[in-house]
file final15.cif (mmCIF, C-alpha atoms)
data_target
#
loop_
_atom_site.label_atom_id
_atom_site.label_comp_id
_atom_site.auth_asym_id
_atom_site.auth_seq_id
_atom_site.Cartn_x
_atom_site.Cartn_y
_atom_site.Cartn_z
CA MET A 1 51.56 -10.33 -238.57
CA ALA A 2 50.27 -7.22 -240.38
CA GLN A 3 50.97 -7.05 -244.09
CA THR A 4 53.47 -4.41 -245.21
CA LYS A 5 51.77 -1.48 -246.92
CA LYS A 6 53.56 -0.35 -250.08
CA ILE A 7 53.43 3.25 -251.27
CA ASN A 8 54.95 5.69 -253.73
CA LEU A 9 55.81 9.24 -252.69
CA ALA A 10 55.20 12.39 -254.73
CA LEU A 11 57.43 15.11 -253.28
CA GLN A 12 56.51 18.71 -254.08
CA GLY A 13 58.96 21.55 -254.46
CA GLY A 14 58.77 24.77 -252.49
CA GLY A 15 62.23 25.92 -251.50
CA ALA A 16 62.96 25.87 -247.77
CA HIS A 17 59.36 24.81 -247.13
CA GLY A 18 60.62 21.39 -248.21
CA ALA A 19 61.62 21.01 -244.55
CA PHE A 20 57.97 20.05 -243.98
CA THR A 21 58.58 17.09 -246.29
CA TRP A 22 61.69 16.24 -244.27
CA GLY A 23 59.51 15.92 -241.18
CA VAL A 24 56.97 13.76 -243.00
CA LEU A 25 59.66 11.46 -244.36
CA ASP A 26 61.41 11.22 -241.00
CA ARG A 27 58.19 9.93 -239.41
CA LEU A 28 57.25 7.58 -242.27
CA LEU A 29 60.71 6.01 -242.18
CA GLN A 30 60.08 4.98 -238.57
CA GLU A 31 57.00 2.98 -239.57
CA ASP A 32 58.18 -0.59 -240.05
CA GLY A 33 54.93 -1.69 -241.70
CA LEU A 34 55.33 0.87 -244.49
CA GLU A 35 57.53 0.38 -247.55
CA ILE A 36 58.49 3.25 -249.89
CA CYS A 37 58.75 1.71 -253.36
CA GLY A 38 59.00 4.76 -255.63
CA MET A 39 59.52 8.52 -255.42
CA SER A 40 58.96 11.38 -257.84
CA GLY A 41 60.41 14.71 -256.74
CA THR A 42 60.71 18.26 -257.95
CA SER A 43 63.02 21.01 -256.66
CA ALA A 44 63.23 20.63 -252.85
CA GLY A 45 61.30 17.38 -253.30
CA ALA A 46 64.05 16.10 -255.58
CA LEU A 47 66.69 16.96 -252.97
CA ASN A 48 64.68 15.19 -250.29
CA GLY A 49 64.26 12.17 -252.55
CA ALA A 50 67.95 12.00 -253.38
CA ALA A 51 68.91 12.21 -249.70
CA LEU A 52 66.42 9.51 -248.75
CA LYS A 53 67.45 7.17 -251.59
CA ALA A 54 71.20 7.49 -250.94
CA GLY A 55 70.76 7.06 -247.21
CA MET A 56 68.44 4.09 -247.63
CA ILE A 57 70.90 2.28 -249.90
CA SER A 58 73.85 2.85 -247.58
CA GLY A 59 72.22 2.50 -244.18
CA GLY A 60 68.57 1.47 -244.40
CA ARG A 61 65.84 3.51 -242.75
CA GLN A 62 68.14 5.09 -240.18
CA GLY A 63 70.64 5.92 -242.91
CA ALA A 64 67.87 7.69 -244.81
CA ARG A 65 66.84 9.67 -241.72
CA ASP A 66 70.45 10.65 -241.03
CA ASN A 67 71.00 11.74 -244.61
CA LEU A 68 67.86 13.88 -244.63
CA GLU A 69 69.01 15.57 -241.44
CA TRP A 70 72.44 16.20 -243.01
CA LEU A 71 70.75 17.76 -246.06
CA TRP A 72 68.68 20.21 -244.04
CA MET A 73 71.56 21.16 -241.78
CA GLN A 74 73.38 22.09 -245.00
CA VAL A 75 70.40 24.12 -246.22
CA ALA A 76 69.99 25.90 -242.88
CA GLY A 77 73.73 26.43 -242.50
CA VAL A 78 73.74 25.17 -238.91
CA ARG A 79 74.71 22.08 -236.96
CA GLU A 80 71.43 21.80 -235.08
CA LEU A 81 68.00 23.37 -235.22
CA ALA A 82 66.38 25.32 -232.42
CA MET A 83 63.47 27.75 -232.41
CA GLY A 84 64.74 29.64 -229.41
CA ASP A 85 62.64 30.64 -226.38
CA TRP A 86 62.30 34.22 -227.59
CA MET A 87 60.43 32.99 -230.69
CA ALA A 88 57.78 31.02 -228.81
CA PRO A 89 55.25 33.87 -228.30
CA PHE A 90 55.49 34.95 -231.93
CA GLY A 91 55.88 31.90 -234.19
CA VAL A 92 57.02 31.55 -237.77
CA ALA A 93 54.29 33.76 -239.27
CA PHE A 94 55.64 36.75 -237.33
CA LEU A 95 59.22 35.84 -238.21
CA GLY A 96 58.33 35.50 -241.88
CA GLN A 97 56.69 38.93 -241.86
CA GLN A 98 59.76 40.48 -240.22
CA MET A 99 61.99 38.83 -242.80
CA ALA A 100 59.78 40.05 -245.65
CA ASN A 101 59.99 43.63 -244.37
CA SER A 102 63.71 43.55 -243.69
CA LEU A 103 65.94 45.84 -245.72
CA PRO A 104 68.25 43.05 -247.02
CA TYR A 105 65.29 41.04 -248.35
CA LEU A 106 63.62 44.07 -249.93
CA MET A 107 66.89 45.05 -251.58
CA GLY A 108 67.45 41.49 -252.80
CA THR A 109 63.96 41.37 -254.27
CA ALA A 110 64.52 44.67 -256.05
CA VAL A 111 67.80 43.36 -257.50
CA THR A 112 66.13 40.23 -258.91
CA GLN A 113 63.50 42.43 -260.60
CA MET A 114 66.12 44.63 -262.25
CA MET A 115 68.96 42.17 -262.87
CA SER A 116 69.17 38.76 -264.49
CA PRO A 117 71.17 35.91 -262.89
CA TYR A 118 73.35 36.24 -265.99
CA SER A 119 74.43 39.72 -264.90
CA TYR A 120 76.98 38.22 -262.52
CA GLY A 121 79.11 36.90 -265.39
CA PRO A 122 82.08 34.74 -264.35
CA PHE A 123 81.33 35.34 -260.66
CA TYR A 124 78.10 33.33 -260.83
CA LYS A 125 77.89 29.94 -259.10
CA ASN A 126 74.72 28.02 -258.35
CA PRO A 127 74.51 28.00 -254.52
CA LEU A 128 73.00 24.51 -254.55
CA ALA A 129 76.14 23.08 -256.16
CA GLN A 130 78.02 22.83 -252.87
CA ILE A 131 75.21 20.64 -251.50
CA VAL A 132 74.23 18.42 -254.42
CA GLU A 133 77.84 17.68 -255.36
CA LYS A 134 78.24 15.91 -252.00
CA PHE A 135 75.59 13.26 -252.71
CA ASN A 136 76.79 9.73 -253.45
CA TYR A 137 75.31 9.22 -256.93
CA GLU A 138 76.12 5.51 -257.05
CA GLN A 139 73.54 5.26 -254.28
CA VAL A 140 71.14 7.90 -255.66
CA CYS A 141 71.12 6.14 -259.05
CA ALA A 142 71.09 2.58 -257.70
CA HIS A 143 68.59 0.23 -259.36
CA GLU A 144 67.27 -0.95 -256.00
CA LYS A 145 63.99 0.44 -254.72
CA PRO A 146 62.80 2.99 -254.05
CA LEU A 147 62.80 3.91 -257.74
CA PHE A 148 63.52 7.62 -258.04
CA TYR A 149 62.44 10.20 -260.63
CA VAL A 150 63.41 13.89 -260.88
CA GLY A 151 61.39 16.45 -262.85
CA ALA A 152 62.69 19.57 -264.61
CA THR A 153 61.35 21.91 -267.30
CA ARG A 154 63.02 22.06 -270.70
CA VAL A 155 63.28 25.80 -271.47
CA ARG A 156 63.27 25.48 -275.27
CA ASN A 157 59.87 23.82 -275.62
CA GLY A 158 58.36 24.15 -272.14
CA LYS A 159 57.95 20.38 -271.73
CA ILE A 160 58.66 18.32 -268.66
CA ARG A 161 61.81 16.22 -268.59
CA VAL A 162 61.90 13.35 -266.10
CA PHE A 163 65.37 12.09 -265.16
CA GLU A 164 65.84 8.60 -263.78
CA GLY A 165 68.58 6.09 -263.00
CA ASP A 166 72.05 7.09 -264.19
CA GLU A 167 70.67 10.36 -265.63
CA ILE A 168 70.37 11.77 -262.12
CA GLY A 169 73.42 13.78 -261.13
CA PRO A 170 74.19 17.22 -259.68
CA ASP A 171 73.01 18.95 -262.86
CA ALA A 172 69.65 17.17 -262.86
CA LEU A 173 69.00 18.12 -259.23
CA MET A 174 70.04 21.74 -259.80
CA ALA A 175 67.88 21.86 -262.95
CA SER A 176 64.88 20.63 -260.98
CA ALA A 177 65.35 23.48 -258.48
CA CYS A 178 66.33 26.21 -260.96
CA LEU A 179 64.09 29.24 -260.40
CA PRO A 180 64.94 31.41 -263.43
CA THR A 181 64.77 34.71 -261.53
CA MET A 182 67.39 33.47 -259.08
CA PHE A 183 69.58 30.96 -260.96
CA GLN A 184 71.01 30.65 -264.44
CA ALA A 185 69.42 27.85 -266.48
CA VAL A 186 71.20 24.52 -266.05
CA GLU A 187 72.56 23.37 -269.40
CA MET A 188 73.34 19.73 -270.18
CA PHE A 189 73.12 17.20 -272.98
CA ASP A 190 69.67 15.67 -273.22
CA LYS A 191 69.73 12.20 -274.73
CA THR A 192 65.99 12.33 -275.43
CA THR A 193 66.44 15.27 -277.85
CA ASN A 194 70.08 14.49 -278.76
CA ARG A 195 71.20 18.07 -278.17
CA MET A 196 72.27 20.48 -275.46
CA GLU A 197 69.27 21.78 -273.56
CA ALA A 198 68.66 24.37 -270.86
CA PHE A 199 66.45 23.52 -267.92
CA TRP A 200 64.43 25.44 -265.34
CA ASP A 201 62.56 24.41 -262.20
CA GLY A 202 60.39 21.32 -262.63
CA GLY A 203 57.55 22.98 -260.74
CA PHE A 204 56.41 24.75 -263.91
CA THR A 205 55.49 21.47 -265.62
CA GLY A 206 55.21 18.86 -262.86
CA ASN A 207 55.17 19.58 -259.13
CA PRO A 208 55.76 16.73 -258.88
CA ALA A 209 55.14 14.55 -261.93
CA LEU A 210 52.88 11.62 -261.00
CA PHE A 211 52.97 9.65 -264.26
CA PRO A 212 56.44 8.10 -263.68
CA LEU A 213 54.91 6.36 -260.65
CA PHE A 214 52.46 4.45 -262.87
CA HIS A 215 55.31 1.96 -263.43
CA HIS A 216 54.20 -1.69 -263.54
CA ASP A 217 56.70 -2.59 -260.78
CA LEU A 218 55.26 -0.01 -258.39
CA PRO A 219 52.15 -0.12 -256.17
CA ASP A 220 48.98 1.81 -257.05
CA ASP A 221 49.05 4.04 -253.96
CA ILE A 222 50.61 7.49 -254.34
CA VAL A 223 51.08 9.67 -251.26
CA ILE A 224 51.49 13.33 -252.26
CA ILE A 225 53.39 15.46 -249.76
CA ASN A 226 51.96 18.87 -250.55
CA ILE A 227 53.77 22.02 -249.42
CA ASN A 228 52.01 24.60 -251.62
CA PRO A 229 48.55 25.50 -250.26
CA LEU A 230 45.78 24.48 -252.62
CA GLU A 231 43.43 27.04 -251.07
CA ARG A 232 43.74 30.45 -249.39
CA ASP A 233 40.57 32.03 -248.00
CA THR A 234 41.91 35.59 -247.95
CA ILE A 235 42.38 37.71 -251.06
CA PRO A 236 46.03 38.82 -251.41
CA THR A 237 46.31 42.59 -251.63
CA THR A 238 49.97 43.50 -251.13
CA PRO A 239 52.45 43.09 -254.01
CA GLN A 240 54.30 40.36 -252.10
CA ASP A 241 51.13 38.42 -251.26
CA ILE A 242 49.84 38.68 -254.82
CA GLN A 243 53.10 37.38 -256.27
CA ASN A 244 53.23 34.63 -253.67
CA ARG A 245 49.72 33.41 -254.57
CA ILE A 246 50.53 33.56 -258.28
CA ASN A 247 53.51 31.30 -257.63
CA GLU A 248 51.43 28.87 -255.57
CA ILE A 249 48.74 28.62 -258.25
CA SER A 250 51.35 28.18 -260.99
CA PHE A 251 53.23 25.49 -259.09
CA ASN A 252 50.04 23.58 -258.21
CA SER A 253 48.49 23.72 -261.69
CA SER A 254 50.42 20.80 -263.18
CA LEU A 255 49.63 18.59 -260.18
CA LEU A 256 45.94 19.47 -260.38
CA ARG A 257 45.89 18.64 -264.10
CA GLU A 258 47.31 15.18 -263.41
CA LEU A 259 44.86 14.61 -260.57
CA ARG A 260 41.96 15.63 -262.81
CA ALA A 261 43.16 13.15 -265.46
CA ILE A 262 43.35 10.40 -262.81
CA GLU A 263 39.83 11.23 -261.64
CA PHE A 264 38.57 11.07 -265.24
CA VAL A 265 40.15 7.64 -265.82
CA GLN A 266 38.71 6.34 -262.55
CA ARG A 267 35.22 7.41 -263.66
CA LEU A 268 35.71 5.58 -266.97
CA ILE A 269 36.77 2.44 -265.10
CA GLU A 270 33.77 2.64 -262.77
CA LYS A 271 31.40 3.05 -265.74
CA GLY A 272 33.02 0.10 -267.50
CA THR A 273 34.06 2.25 -270.46
CA VAL A 274 37.63 1.05 -270.00
CA THR A 275 38.97 -1.88 -268.00
CA SER A 276 41.32 -1.69 -265.06
CA ASP A 277 43.60 -4.04 -267.01
CA SER A 278 44.22 -1.39 -269.68
CA MET A 279 44.30 1.64 -267.37
CA SER A 280 45.81 1.82 -263.89
CA ARG A 281 43.44 2.43 -260.98
CA VAL A 282 45.64 4.80 -259.01
CA ARG A 283 44.83 5.52 -255.38
CA ILE A 284 45.68 9.04 -254.20
CA HIS A 285 46.55 10.13 -250.67
CA MET A 286 47.87 13.46 -249.42
CA ILE A 287 49.83 14.73 -246.44
CA ALA A 288 49.69 18.51 -246.00
CA ASP A 289 49.30 21.35 -243.52
CA ASP A 290 47.63 24.12 -245.49
CA ALA A 291 46.84 26.07 -242.31
CA LEU A 292 50.53 26.47 -241.50
CA MET A 293 51.62 27.02 -245.10
CA ALA A 294 48.99 29.75 -245.50
CA LYS A 295 50.73 31.69 -242.71
CA LEU A 296 54.04 31.60 -244.56
CA SER A 297 55.12 33.33 -247.74
CA ALA A 298 57.71 33.40 -250.50
CA VAL A 299 60.37 34.86 -248.20
CA THR A 300 60.45 31.77 -245.98
CA LYS A 301 60.78 29.65 -249.13
CA SER A 302 63.75 31.53 -250.52
CA VAL A 303 65.59 32.48 -247.31
CA PRO A 304 66.37 29.36 -245.22
CA ASN A 305 65.89 30.19 -241.55
CA PRO A 306 66.69 27.61 -238.85
CA ALA A 307 63.64 28.54 -236.76
CA VAL A 308 61.27 28.19 -239.73
CA ILE A 309 62.90 24.95 -240.86
CA SER A 310 62.58 23.52 -237.33
CA THR A 311 58.89 24.45 -237.16
CA LEU A 312 58.22 23.01 -240.59
CA LYS A 313 59.93 19.73 -239.70
CA ASP A 314 57.84 19.41 -236.55
CA ALA A 315 54.69 20.18 -238.55
CA GLY A 316 55.64 17.51 -241.08
CA ILE A 317 56.09 14.93 -238.31
CA ALA A 318 52.67 15.84 -236.88
CA ALA A 319 50.99 15.66 -240.31
CA ALA A 320 52.53 12.26 -240.98
CA GLU A 321 51.36 11.07 -237.57
CA THR A 322 47.80 12.13 -238.45
CA PHE A 323 48.05 10.22 -241.73
CA LEU A 324 49.33 7.11 -239.97
CA ARG A 325 46.49 7.23 -237.42
CA GLY A 326 43.79 7.52 -240.04
CA ASP A 327 44.37 7.36 -243.79
CA ILE A 328 46.97 4.59 -243.59
CA ASP A 329 44.10 2.07 -243.46
CA ASN A 330 43.08 3.17 -246.96
CA ILE A 331 46.40 2.04 -248.49
CA GLY A 332 45.73 -0.81 -250.90
CA LYS A 333 41.97 -0.25 -250.72
CA ARG A 334 40.80 3.21 -251.75
CA SER A 335 41.92 6.81 -252.23
CA SER A 336 42.01 9.02 -249.15
CA VAL A 337 41.57 12.08 -251.36
CA ASN A 338 38.05 12.53 -252.72
CA LEU A 339 38.94 13.48 -256.30
CA PRO A 340 35.33 13.85 -257.56
CA GLU A 341 34.69 16.32 -254.73
CA MET A 342 37.96 18.16 -255.43
CA PHE A 343 36.95 18.76 -259.06
CA GLY A 344 33.21 18.98 -258.54
#
call {"tool": "encode", "arguments": {"input": "final15.cif", "output": "structure tokens"}}
result
Amino acid sequence: MAQTKKINLALQGGGAHGAFTWGVLDRLLQEDGLEICGMSGTSAGALNGAALKAGMISGGRQGARDNLEWLWMQVAGVRELAMGDWMAPFGVAFLGQQMANSLPYLMGTAVTQMMSPYSYGPFYKNPLAQIVEKFNYEQVCAHEKPLFYVGATRVRNGKIRVFEGDEIGPDALMASACLPTMFQAVEMFDKTTNRMEAFWDGGFTGNPALFPLFHHDLPDDIVIININPLERDTIPTTPQDIQNRINEISFNSSLLRELRAIEFVQRLIEKGTVTSDSMSRVRIHMIADDALMAKLSAVTKSVPNPAVISTLKDAGIAAAETFLRGDIDNIGKRSSVNLPEMFG
């Protein structure tokens, strides 16, 4: 009988592009020889993690799959997903371009550039509230594995704040996904600073944070589900493309810093400068589809579209399948990601 492979998941944020992560998780949950022991999530990654954890506690693997589907039906505002035959010749890149050039989106973008989320006064309500308030937090915060961590950015000092256990509630999830140009900062009491604090999206400081997964009760293998392209071959020239690439670079920078630190520690261990007893030898793996993500843009992140979400889910399933056919054999042995080459 094959030994169960134990992994941690690092779930990136990226708005509606988090549907790619849904597809990855849906496929991984069908793999009986794979155990998810810990999760660190930011923004959409935090929502995916909360849905998986709650579903897993209440109904096992199938419960997790069902809960993830419920989450994304809520995001898409539909009961079922379908691309539609008329979309087949065009694909999501064409749809995203049409959405980006549509009058409602252009007007909405102009409003966010001229008005603050605070301009709405008493009429403001975080649109995520109606979703995150429906989670069962006894299950989300349960002490059973997978351990779950949620990252947000403390506005006052720009530092990352990682919520865990009973700290995770609707406010923590909304804080993790709080883009300051779209949502008012989420304010709550922070027991680590002993004062009221305001929080923005965790992607600014950890997308997602890897260090919580260095826990002594967790395995050394971290699988990063990446939904922000690390590379784009073309130079952005339009205002929208330039802003989109700025956002991608900003939201990947914290992850790249942590990966560089891991690579540095691994070199020290290999040279014998430090021992593996004093420093963890973390193994890094990644599931991504940069080719697809490079065809999409900020509009398909911020405007949930059932056709795009359906395509992203299917792409996530395919990417997970590729991982399971190849890199899964590296779990427990070596990193699938060549960190020295990445930072060479």
call {"tool": "atom_distance", "arguments": {"input": "final15.cif", "atom1": "atom CA of Ala198 of chain A", "atom2": "atom CA of Asp166 of chain A"}}
result
18.8 Å
call {"tool": "closest_residue", "arguments": {"input": "final15.cif", "among": "A:Met73, A:Leu29, A:Leu147, A:Leu173", "to": "Pro219 of chain A", "atoms": "only C-alpha atoms"}}
result
A:Leu147
call {"tool": "residues_around", "arguments": {"input": "final15.cif", "residues": "segment 261-265 of chain A", "least_positions_apart": "4", "cutoff": "8 Å", "atoms": "all atoms listed in the file", "output": "ChimeraX atom specification"}}
result
/A:257,269,279,281-282,339-340
call {"tool": "closest_residue", "arguments": {"input": "final15.cif", "among": "A:Leu179, A:Ala172, A:Val75, A:Ile284", "to": "Val308 of chain A", "atoms": "all atoms listed in the file"}}
result
A:Val75
call {"tool": "atom_distance", "arguments": {"input": "final15.cif", "atom1": "atom CA of Ala16 of chain A", "atom2": "atom CA of Gln74 of chain A"}}
result
11.4 Å
call {"tool": "atom_distance", "arguments": {"input": "final15.cif", "atom1": "atom CA of Leu9 of chain A", "atom2": "atom CA of Gly38 of chain A"}}
result
6.2 Å
call {"tool": "resolve_selection", "arguments": {"input": "final15.cif", "expression": "the PyMOL selection byres ((chain A and resi 253) around 12)", "output": "ChimeraX atom specification"}}
result
/A:203-209,228-230,246-252,254-260
call {"tool": "resolve_selection", "arguments": {"input": "final15.cif", "expression": "the PyMOL selection byres ((chain A and resi 142-145) around 12)", "output": "PDB file with C-alpha atoms, in the coordinates of the input"}}
result
ATOM      1  CA  LYS A   6      53.560  -0.350-250.080  1.00  0.00           C
ATOM      2  CA  ILE A   7      53.430   3.250-251.270  1.00  0.00           C
ATOM      3  CA  ASN A   8      54.950   5.690-253.730  1.00  0.00           C
ATOM      4  CA  GLU A  35      57.530   0.380-247.550  1.00  0.00           C
ATOM      5  CA  ILE A  36      58.490   3.250-249.890  1.00  0.00           C
ATOM      6  CA  CYS A  37      58.750   1.710-253.360  1.00  0.00           C
ATOM      7  CA  GLY A  38      59.000   4.760-255.630  1.00  0.00           C
ATOM      8  CA  MET A  39      59.520   8.520-255.420  1.00  0.00           C
ATOM      9  CA  GLY A  49      64.260  12.170-252.550  1.00  0.00           C
ATOM     10  CA  ALA A  50      67.950  12.000-253.380  1.00  0.00           C
ATOM     11  CA  LEU A  52      66.420   9.510-248.750  1.00  0.00           C
ATOM     12  CA  LYS A  53      67.450   7.170-251.590  1.00  0.00           C
ATOM     13  CA  ALA A  54      71.200   7.490-250.940  1.00  0.00           C
ATOM     14  CA  GLY A  55      70.760   7.060-247.210  1.00  0.00           C
ATOM     15  CA  MET A  56      68.440   4.090-247.630  1.00  0.00           C
ATOM     16  CA  ILE A  57      70.900   2.280-249.900  1.00  0.00           C
ATOM     17  CA  SER A  58      73.850   2.850-247.580  1.00  0.00           C
ATOM     18  CA  GLY A  60      68.570   1.470-244.400  1.00  0.00           C
ATOM     19  CA  ASN A 136      76.790   9.730-253.450  1.00  0.00           C
ATOM     20  CA  TYR A 137      75.310   9.220-256.930  1.00  0.00           C
ATOM     21  CA  GLU A 138      76.120   5.510-257.050  1.00  0.00           C
ATOM     22  CA  GLN A 139      73.540   5.260-254.280  1.00  0.00           C
ATOM     23  CA  VAL A 140      71.140   7.900-255.660  1.00  0.00           C
ATOM     24  CA  CYS A 141      71.120   6.140-259.050  1.00  0.00           C
ATOM     25  CA  PRO A 146      62.800   2.990-254.050  1.00  0.00           C
ATOM     26  CA  LEU A 147      62.800   3.910-257.740  1.00  0.00           C
ATOM     27  CA  PHE A 148      63.520   7.620-258.040  1.00  0.00           C
ATOM     28  CA  TYR A 149      62.440  10.200-260.630  1.00  0.00           C
ATOM     29  CA  GLU A 164      65.840   8.600-263.780  1.00  0.00           C
ATOM     30  CA  GLY A 165      68.580   6.090-263.000  1.00  0.00           C
ATOM     31  CA  ASP A 166      72.050   7.090-264.190  1.00  0.00           C
ATOM     32  CA  GLU A 167      70.670  10.360-265.630  1.00  0.00           C
ATOM     33  CA  ILE A 168      70.370  11.770-262.120  1.00  0.00           C
ATOM     34  CA  GLY A 169      73.420  13.780-261.130  1.00  0.00           C
ATOM     35  CA  ASP A 217      56.700  -2.590-260.780  1.00  0.00           C
ATOM     36  CA  LEU A 218      55.260  -0.010-258.390  1.00  0.00           C
ATOM     37  CA  PRO A 219      52.150  -0.120-256.170  1.00  0.00           C
TER      38      PRO A 219
END
call {"tool": "residues_around", "arguments": {"input": "final15.cif", "residues": "Thr21 of chain A", "least_positions_apart": "2", "cutoff": "8 Å", "atoms": "only C-alpha atoms", "output": "list in words"}}
result
Leu11, His17, Gly18, Ala19, Gly23, Val24, Leu25, Gly45, Asn48, Ile225, Ile227, Lys313 and Gly316 of chain A
call {"tool": "residues_near_point", "arguments": {"input": "final15.cif", "point": "(44.0, -1.0, -252.9)", "cutoff": "12 Å", "atoms": "only C-alpha atoms", "output": "PyMOL selection string"}}
result
chain A and resi 5-7+219-222+280-285+328-336
call {"tool": "closest_residue", "arguments": {"input": "final15.cif", "among": "A:Ile235, A:Met342, A:Val274, A:Leu268", "to": "Ala294 of chain A", "atoms": "all atoms listed in the file"}}
result
A:Ile235
call {"tool": "resolve_selection", "arguments": {"input": "final15.cif", "expression": "the PyMOL selection byres ((chain A and resi 67) around 9)", "output": "PyMOL selection string"}}
result
chain A and resi 51-52+54-56+62-66+68-72
call {"tool": "residues_around", "arguments": {"input": "final15.cif", "residues": "segment 188-196 of chain A", "least_positions_apart": "5", "cutoff": "10 Å", "atoms": "only C-alpha atoms", "output": "number ranges by chain"}}
result
A: 154, 161, 163, 167, 171-172, 175
call {"tool": "axis_aligned_box", "arguments": {"input": "final15.cif", "around": "segment 291-294 of chain A", "padding_each_side": "4 Å", "output": "JSON"}}
result
{"center_x": 49.2, "center_y": 27.9, "center_z": -243.5, "size_x": 12.8, "size_y": 11.7, "size_z": 12.0}
call {"tool": "closest_residue", "arguments": {"input": "final15.cif", "among": "A:Leu213, A:Ile224, A:Met286, A:Cys178", "to": "Thr322 of chain A", "atoms": "all atoms listed in the file"}}
result
A:Met286
